[in-house]
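Raw model_9.txt, compact mmCIF, C-alpha atoms and all ligand atoms:
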# COMPACT_ATOMS: atom_id res chain seq x y z
CA MET A 12 -1.66 -16.29 -21.13
CA SER A 13 -3.78 -14.16 -18.87
CA GLN A 14 -2.15 -11.39 -16.85
CA GLU A 15 -5.01 -11.44 -14.38
CA LEU A 16 -4.81 -12.97 -10.96
CA SER A 17 -8.08 -14.85 -11.28
CA ARG A 18 -6.16 -18.04 -11.92
CA LEU A 19 -5.24 -18.57 -8.27
CA SER A 20 -8.17 -20.22 -6.52
CA PRO A 21 -9.25 -19.31 -2.97
CA ARG A 22 -8.71 -22.97 -2.07
CA LEU A 23 -5.09 -22.78 -3.23
CA GLU A 24 -4.54 -19.62 -1.19
CA GLU A 25 -6.02 -21.32 1.87
CA ILE A 26 -3.69 -24.30 1.43
CA ALA A 27 -0.69 -22.01 0.87
CA ALA A 28 -1.45 -20.20 4.12
CA ARG A 29 -1.70 -23.50 6.01
CA ILE A 30 1.58 -24.75 4.53
CA MET A 31 3.34 -21.58 5.65
CA ALA A 32 1.82 -21.94 9.11
CA GLY A 33 3.36 -25.42 9.24
CA GLU A 34 -0.03 -27.08 9.47
CA MET A 35 0.49 -29.25 6.41
CA PRO A 36 3.40 -30.36 4.20
CA ASN A 37 3.99 -28.72 0.84
CA ALA A 38 3.32 -31.80 -1.26
CA GLY A 39 0.58 -33.11 -3.48
CA ARG A 40 -0.68 -32.58 -7.01
CA PHE A 41 -1.41 -29.05 -8.12
CA CYS A 42 -2.80 -27.97 -11.48
CA GLY A 43 0.01 -26.97 -13.86
CA ALA A 44 -2.03 -24.03 -15.17
CA CYS A 45 -3.51 -22.55 -11.99
CA LEU A 46 -2.05 -24.56 -9.04
CA HIS A 47 -5.48 -25.59 -7.75
CA PRO A 48 -5.11 -28.88 -5.82
CA LEU A 49 -6.00 -31.89 -7.97
CA SER A 50 -7.51 -35.21 -7.00
CA SER A 51 -5.51 -38.31 -7.82
CA GLY A 52 -7.97 -39.41 -10.50
CA GLY A 53 -6.37 -37.52 -13.38
CA GLY A 54 -9.55 -35.62 -14.27
CA ALA A 55 -9.75 -31.99 -15.33
CA CYS A 56 -8.85 -29.23 -12.86
CA PRO A 57 -12.07 -28.18 -11.06
CA HIS A 58 -10.88 -24.56 -11.07
CA CYS A 59 -9.63 -23.91 -14.61
CA GLY A 60 -10.71 -27.04 -16.46
CA ARG A 61 -7.30 -27.96 -17.85
CA LEU A 62 -6.35 -31.63 -17.97
CA PRO A 63 -3.23 -32.91 -16.18
CA ALA A 64 -2.31 -34.53 -19.51
CA GLN A 65 -2.21 -31.06 -21.12
CA VAL A 66 -0.25 -29.25 -18.43
CA GLU A 67 1.95 -31.27 -16.14
CA PRO A 68 0.86 -30.83 -12.52
CA PHE A 69 3.19 -29.42 -9.87
CA THR A 70 4.10 -31.72 -6.98
CA ALA A 71 4.50 -28.79 -4.58
CA ILE A 72 3.43 -25.16 -4.49
CA PRO A 73 6.37 -23.06 -5.79
CA LYS A 74 7.92 -20.89 -3.09
CA GLU A 75 7.24 -17.74 -5.14
CA ILE A 76 3.52 -18.47 -4.90
CA LEU A 77 3.76 -19.14 -1.16
CA ALA A 78 5.59 -15.82 -0.74
CA MET A 79 2.93 -14.08 -2.81
CA VAL A 80 0.08 -15.36 -0.66
CA GLN A 81 2.03 -14.59 2.50
CA ALA A 82 2.73 -11.02 1.37
CA GLN A 83 -0.96 -10.51 0.65
CA ARG A 84 -2.14 -11.88 3.99
CA MET A 85 0.52 -10.03 5.95
CA ARG A 86 -0.65 -6.72 4.49
CA GLU A 87 -4.27 -7.48 5.28
CA ALA A 88 -3.42 -8.33 8.89
CA LEU A 89 -1.11 -5.34 9.26
CA VAL A 90 -3.80 -2.81 8.35
CA VAL A 91 -6.46 -4.44 10.54
CA ARG A 92 -4.14 -4.67 13.57
CA GLY A 93 -2.67 -1.26 12.93
CA MET A 94 -6.13 0.29 12.98
CA ALA A 95 -7.20 -1.67 16.05
CA TYR A 96 -4.13 -0.78 18.12
CA GLY A 97 -3.72 2.69 16.65
CA GLY A 98 -7.37 3.47 17.34
CA LEU A 99 -7.10 2.11 20.86
CA LEU A 100 -3.96 4.12 21.57
CA GLY A 101 -5.61 7.29 20.28
CA GLY A 102 -8.64 6.51 22.47
CA VAL A 103 -6.51 5.98 25.58
CA ILE A 104 -4.75 9.30 25.02
CA ALA A 105 -8.07 11.09 24.45
CA SER A 106 -9.53 9.43 27.56
CA LEU A 107 -6.76 10.91 29.71
CA LEU A 108 -7.32 14.46 28.46
CA PRO A 109 -10.18 15.33 30.88
CA ILE A 110 -7.92 14.44 33.83
CA VAL A 111 -5.02 16.34 32.27
CA PHE A 112 -7.13 19.48 31.86
CA TRP A 113 -9.51 19.32 34.83
CA ASP A 114 -7.59 17.16 37.34
CA VAL A 115 -8.95 14.10 39.14
CA HIS A 116 -12.61 14.38 40.08
CA TRP A 117 -15.28 11.73 40.19
CA TRP A 118 -16.63 12.94 36.86
CA THR A 119 -13.25 13.05 35.06
CA VAL A 120 -12.57 9.49 36.25
CA LEU A 121 -16.03 8.42 35.12
CA LEU A 122 -15.41 10.13 31.79
CA LEU A 123 -12.09 8.27 31.50
CA PHE A 124 -13.80 4.89 31.74
CA VAL A 125 -16.68 5.86 29.46
CA MET A 126 -14.24 7.14 26.84
CA LEU A 127 -12.07 4.02 27.17
CA GLY A 128 -15.12 1.86 26.54
CA VAL A 129 -16.12 3.92 23.51
CA ALA A 130 -12.53 3.82 22.19
CA TYR A 131 -12.32 0.06 22.64
CA ILE A 132 -15.53 -0.63 20.73
CA GLY A 133 -14.81 2.12 18.19
CA ALA A 134 -11.29 0.85 17.42
CA ALA A 135 -12.54 -2.72 16.98
CA ASN A 136 -15.31 -1.56 14.64
CA LEU A 137 -12.94 0.65 12.68
CA ALA A 138 -10.50 -2.22 12.24
CA ASN A 139 -13.21 -4.65 11.17
CA THR A 140 -14.79 -2.32 8.63
CA VAL A 141 -12.39 0.30 7.26
CA GLY A 142 -9.25 -1.65 8.20
CA ASP A 143 -10.59 -4.84 6.67
CA ALA A 144 -11.51 -3.11 3.40
CA LEU A 145 -8.25 -1.17 3.11
CA GLY A 146 -6.16 -4.20 4.06
CA TYR A 147 -7.93 -6.32 1.49
CA ARG A 148 -7.26 -3.79 -1.25
CA TRP A 149 -3.60 -3.44 -0.26
CA GLY A 150 -3.20 -7.22 -0.13
CA GLN A 151 -4.83 -7.70 -3.53
CA TRP A 152 -2.74 -4.90 -4.99
CA GLU A 153 0.48 -6.52 -3.74
CA LYS A 154 -0.57 -9.92 -5.02
CA ARG A 155 -1.43 -8.48 -8.43
CA ARG A 156 1.93 -6.68 -8.57
CA ARG A 157 3.83 -9.89 -7.80
CA TRP A 158 1.71 -11.90 -10.20
CA GLN A 159 2.37 -9.50 -13.07
CA ARG A 160 6.10 -9.64 -12.33
CA LEU A 161 5.92 -13.43 -12.33
CA MET A 162 4.08 -13.43 -15.67
CA ALA A 163 6.65 -11.05 -17.14
CA GLN A 164 9.38 -13.46 -16.04
CA GLY A 165 7.87 -16.45 -17.80
CA GLY A 166 4.84 -17.36 -15.69
CA LEU A 167 4.32 -20.60 -13.83
CA GLU A 168 6.42 -22.50 -16.37
CA ALA A 169 9.48 -20.53 -15.27
CA LEU A 170 8.93 -21.72 -11.70
CA ARG A 171 9.31 -25.34 -12.79
CA ARG A 172 12.86 -24.68 -13.85
CA ALA A 173 13.70 -22.88 -10.63
CA PRO A 174 15.47 -25.01 -7.99
ZN ZN A 201 -6.31 -25.44 -12.90

Before we go any further, please render this structure as structure tokens.
Amino acid sequence: MSQELSRLSPRLEEIAARIMAGEMPNAGRFCGACLHPLSSGGGACPHCGRLPAQVEPFTAIPKEILAMVQAQRMREALVVRGMAYGGLLGGVIASLLPIVFWDVHWWTVLLLFVMLGVAYIGAANLANTVGDALGYRWGQWEKRRRWQRLMAQGGLEALRRAP
């Protein structure tokens, strides 16, 4: 049994996120080996190729898997938002410095608005580039950590026995 995370399909993660958002019920047929959603035909899993006859499909996504996807996405969002708001806050503080040091003049007020504009665009860009990349890595790292723990505790088969 593979220790790698490659078994969870992007489609499954998308569905898990929608279930947690309350946009769809947690019910259906999911591959017993990788949890990819299956069609009702009984054919092989389009993601891992296993047959439902070989591994009994799940009728719902186990809550451990939902929690895993949620933990990953939460970390991604946290870093992106943290960088956006943190960058903006830093920019607002920096924008006020000319007025703090040189008092209110037309040019310190002008500088305030120019710096606010730069901070706004800069923070958004920082969040969408650096924040996105760091958040993705943190999210993947967390997912991998949880997946390895799950595998050490008996893998997906163990989740069938769980209530
Ligand atoms: Zn599969």

Legend entry - Nearest residue to A:Arg86 from the set A:His116, A:Glu24, A:Asp143, A:Leu161 (distances using all atoms listed in the file): A:Asp143

Quick one: contact table of chain A to ligand ZN 201 (chain A), 10 Å max, nearest atom pair and distance in Å to one decimal per residue, counting all atoms listed in the file, chain and number order, as a Markdown table?
| residue | atom | partner | partner_atom | distance |
| --- | --- | --- | --- | --- |
| A:Arg18 | CA | A:ZN201 | ZN | 7.5 |
| A:Leu19 | CA | A:ZN201 | ZN | 8.4 |
| A:Ser20 | CA | A:ZN201 | ZN | 8.5 |
| A:Phe41 | CA | A:ZN201 | ZN | 7.7 |
| A:Cys42 | CA | A:ZN201 | ZN | 4.6 |
| A:Gly43 | CA | A:ZN201 | ZN | 6.6 |
| A:Ala44 | CA | A:ZN201 | ZN | 5.0 |
| A:Cys45 | CA | A:ZN201 | ZN | 4.1 |
| A:Leu46 | CA | A:ZN201 | ZN | 5.8 |
| A:His47 | CA | A:ZN201 | ZN | 5.2 |
| A:Pro48 | CA | A:ZN201 | ZN | 8.0 |
| A:Leu49 | CA | A:ZN201 | ZN | 8.1 |
| A:Ala55 | CA | A:ZN201 | ZN | 7.8 |
| A:Cys56 | CA | A:ZN201 | ZN | 4.6 |
| A:Pro57 | CA | A:ZN201 | ZN | 6.6 |
| A:His58 | CA | A:ZN201 | ZN | 5.0 |
| A:Cys59 | CA | A:ZN201 | ZN | 4.0 |
| A:Gly60 | CA | A:ZN201 | ZN | 5.9 |
| A:Arg61 | CA | A:ZN201 | ZN | 5.6 |
| A:Leu62 | CA | A:ZN201 | ZN | 8.0 |
| A:Pro63 | CA | A:ZN201 | ZN | 8.7 |
| A:Val66 | CA | A:ZN201 | ZN | 9.0 |
| A:Pro68 | CA | A:ZN201 | ZN | 9.0 |

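The nearest approach to A:Leu77 among the residues A:Gln65, A:Asn37, A:Ser50, A:Thr119, with only C-alpha atoms taken into account, belongs to A:Asn37.
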
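If you look at atom CA of A:Gly166 and atom CA of A:Lys154, they are 14.1 Å away from each other.
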
Inset, instruction - Take the point (11.8, -23.6, 0.8) as written in the file and pick out every residue within 10 Å of it, counting all atoms listed in the file; give the list as a ChimeraX atom specification. - result: /A:31,37,73-75,77,174

Legend entry - d(atom CA of A:Ala71, atom CA of A:Ala38) in Å: 4.6 Å

Please list as a compact mmCIF listing (two decimals) with C-alpha atoms, in the coordinates of the input every residue within 10 Å of A:Ala130, counting only C-alpha atoms and excluding residues in the same chain fewer than 6 positions away.
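As a result, around_23.txt now contains:
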# COMPACT_ATOMS: atom_id res chain seq x y z
CA ALA A 95 -7.20 -1.67 16.05
CA GLY A 98 -7.37 3.47 17.34
CA LEU A 99 -7.10 2.11 20.86
CA LEU A 100 -3.96 4.12 21.57
CA GLY A 101 -5.61 7.29 20.28
CA GLY A 102 -8.64 6.51 22.47
CA VAL A 103 -6.51 5.98 25.58
CA ILE A 104 -4.75 9.30 25.02
CA ALA A 105 -8.07 11.09 24.45
CA SER A 106 -9.53 9.43 27.56
CA PHE A 124 -13.80 4.89 31.74
CA ASN A 136 -15.31 -1.56 14.64

Inset, instruction - Identify, on the basis of all atoms listed in the file, every residue whose closest approach to A:Leu122 does not exceed 9 Å; exclude the query and any residue fewer than 6 positions from it along the same chain; express the result as an MDAnalysis selection string. - result: chainID A and resid 106:107 109:110

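With only C-alpha atoms as the atoms that count, the residue of A:Arg171, A:Arg40, A:Arg155, A:Arg92 with the shortest distance to A:Leu137 is A:Arg92.
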
Inset, instruction - Work out how far atom CA of A:Thr70 is from atom CA of A:Glu87, in Å to one decimal. - result: 28.4 Å

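Between A:Gly93 and the candidates A:Ala138, A:Val80, A:Gly52, A:Ala163, the tightest atom-to-atom separation, counting all atoms listed in the file, involves A:Ala138.
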
Inset, instruction - Write out as a VMD selection string which residues come within 10 Å of A:Arg84 when counting all atoms listed in the file, dropping same-chain ones fewer than 4 positions away. - result: chain A and resid 24 28 78 to 80 88 to 89 146 to 147 149 to 151 153 to 154

With N, CA and C atoms as the target, complete stretch 89-121 of chain A and hand it back as an mmCIF file, keeping the file's coordinate frame.
data_model
loop_
_atom_site.group_PDB
_atom_site.id
_atom_site.type_symbol
_atom_site.label_atom_id
_atom_site.label_comp_id
_atom_site.auth_asym_id
_atom_site.auth_seq_id
_atom_site.Cartn_x
_atom_site.Cartn_y
_atom_site.Cartn_z
ATOM 1 N N LEU A 89 -1.798 -6.537 8.772
ATOM 2 C CA LEU A 89 -1.110 -5.340 9.260
ATOM 3 C C LEU A 89 -2.052 -4.151 9.359
ATOM 4 N N VAL A 90 -2.878 -3.963 8.356
ATOM 5 C CA VAL A 90 -3.800 -2.810 8.350
ATOM 6 C C VAL A 90 -4.866 -2.981 9.438
ATOM 7 N N VAL A 91 -5.405 -4.198 9.541
ATOM 8 C CA VAL A 91 -6.460 -4.440 10.540
ATOM 9 C C VAL A 91 -5.912 -4.231 11.953
ATOM 10 N N ARG A 92 -4.725 -4.820 12.230
ATOM 11 C CA ARG A 92 -4.140 -4.670 13.570
ATOM 12 C C ARG A 92 -3.681 -3.253 13.823
ATOM 13 N N GLY A 93 -3.129 -2.644 12.789
ATOM 14 C CA GLY A 93 -2.670 -1.260 12.930
ATOM 15 C C GLY A 93 -3.814 -0.342 13.311
ATOM 16 N N MET A 94 -4.964 -0.544 12.673
ATOM 17 C CA MET A 94 -6.130 0.290 12.980
ATOM 18 C C MET A 94 -6.671 -0.014 14.358
ATOM 19 N N ALA A 95 -6.680 -1.287 14.738
ATOM 20 C CA ALA A 95 -7.200 -1.670 16.050
ATOM 21 C C ALA A 95 -6.339 -1.071 17.168
ATOM 22 N N TYR A 96 -5.010 -1.271 17.066
ATOM 23 C CA TYR A 96 -4.130 -0.780 18.120
ATOM 24 C C TYR A 96 -3.948 0.727 18.055
ATOM 25 N N GLY A 97 -3.854 1.249 16.822
ATOM 26 C CA GLY A 97 -3.720 2.690 16.650
ATOM 27 C C GLY A 97 -4.953 3.417 17.183
ATOM 28 N N GLY A 98 -6.119 2.883 16.862
ATOM 29 C CA GLY A 98 -7.370 3.470 17.340
ATOM 30 C C GLY A 98 -7.477 3.413 18.849
ATOM 31 N N LEU A 99 -7.057 2.282 19.405
ATOM 32 C CA LEU A 99 -7.100 2.110 20.860
ATOM 33 C C LEU A 99 -6.143 3.074 21.560
ATOM 34 N N LEU A 100 -4.949 3.206 20.994
ATOM 35 C CA LEU A 100 -3.960 4.120 21.570
ATOM 36 C C LEU A 100 -4.471 5.565 21.550
ATOM 37 N N GLY A 101 -5.038 5.940 20.387
ATOM 38 C CA GLY A 101 -5.610 7.290 20.280
ATOM 39 C C GLY A 101 -6.725 7.489 21.304
ATOM 40 N N GLY A 102 -7.541 6.441 21.505
ATOM 41 C CA GLY A 102 -8.640 6.510 22.470
ATOM 42 C C GLY A 102 -8.151 6.627 23.895
ATOM 43 N N VAL A 103 -7.080 5.906 24.220
ATOM 44 C CA VAL A 103 -6.510 5.980 25.580
ATOM 45 C C VAL A 103 -5.984 7.379 25.849
ATOM 46 N N ILE A 104 -5.288 7.939 24.866
ATOM 47 C CA ILE A 104 -4.750 9.300 25.020
ATOM 48 C C ILE A 104 -5.902 10.301 25.205
ATOM 49 N N ALA A 105 -6.920 10.178 24.362
ATOM 50 C CA ALA A 105 -8.070 11.090 24.450
ATOM 51 C C ALA A 105 -8.787 10.934 25.792
ATOM 52 N N SER A 106 -8.843 9.690 26.291
ATOM 53 C CA SER A 106 -9.530 9.430 27.560
ATOM 54 C C SER A 106 -8.835 10.111 28.745
ATOM 55 N N LEU A 107 -7.526 10.302 28.617
ATOM 56 C CA LEU A 107 -6.760 10.910 29.710
ATOM 57 C C LEU A 107 -6.876 12.438 29.717
ATOM 58 N N LEU A 108 -7.295 13.002 28.584
ATOM 59 C CA LEU A 108 -7.320 14.460 28.460
ATOM 60 C C LEU A 108 -8.181 15.169 29.515
ATOM 61 N N PRO A 109 -9.386 14.652 29.835
ATOM 62 C CA PRO A 109 -10.180 15.330 30.880
ATOM 63 C C PRO A 109 -9.435 15.454 32.201
ATOM 64 N N ILE A 110 -8.685 14.408 32.577
ATOM 65 C CA ILE A 110 -7.920 14.440 33.830
ATOM 66 C C ILE A 110 -6.754 15.421 33.703
ATOM 67 N N VAL A 111 -6.131 15.419 32.511
ATOM 68 C CA VAL A 111 -5.020 16.340 32.270
ATOM 69 C C VAL A 111 -5.494 17.790 32.428
ATOM 70 N N PHE A 112 -6.656 18.093 31.880
ATOM 71 C CA PHE A 112 -7.130 19.480 31.860
ATOM 72 C C PHE A 112 -7.863 19.881 33.140
ATOM 73 N N TRP A 113 -8.648 18.939 33.702
ATOM 74 C CA TRP A 113 -9.510 19.320 34.830
ATOM 75 C C TRP A 113 -9.198 18.576 36.130
ATOM 76 N N ASP A 114 -8.037 17.873 36.137
ATOM 77 C CA ASP A 114 -7.590 17.160 37.340
ATOM 78 C C ASP A 114 -8.509 15.986 37.695
ATOM 79 N N VAL A 115 -8.184 15.295 38.772
ATOM 80 C CA VAL A 115 -8.950 14.100 39.140
ATOM 81 C C VAL A 115 -10.170 14.480 39.970
ATOM 82 N N HIS A 116 -11.334 14.251 39.380
ATOM 83 C CA HIS A 116 -12.610 14.380 40.080
ATOM 84 C C HIS A 116 -13.398 13.128 39.786
ATOM 85 N N TRP A 117 -14.499 12.937 40.487
ATOM 86 C CA TRP A 117 -15.280 11.730 40.190
ATOM 87 C C TRP A 117 -15.755 11.732 38.747
ATOM 88 N N TRP A 118 -16.091 12.906 38.230
ATOM 89 C CA TRP A 118 -16.630 12.940 36.860
ATOM 90 C C TRP A 118 -15.547 12.821 35.785
ATOM 91 N N THR A 119 -14.315 13.258 36.068
ATOM 92 C CA THR A 119 -13.250 13.050 35.060
ATOM 93 C C THR A 119 -12.838 11.582 35.027
ATOM 94 N N VAL A 120 -12.892 10.921 36.206
ATOM 95 C CA VAL A 120 -12.570 9.490 36.250
ATOM 96 C C VAL A 120 -13.670 8.690 35.552
ATOM 97 N N LEU A 121 -14.909 9.078 35.796
ATOM 98 C CA LEU A 121 -16.030 8.420 35.120
ATOM 99 C C LEU A 121 -15.905 8.599 33.606
#
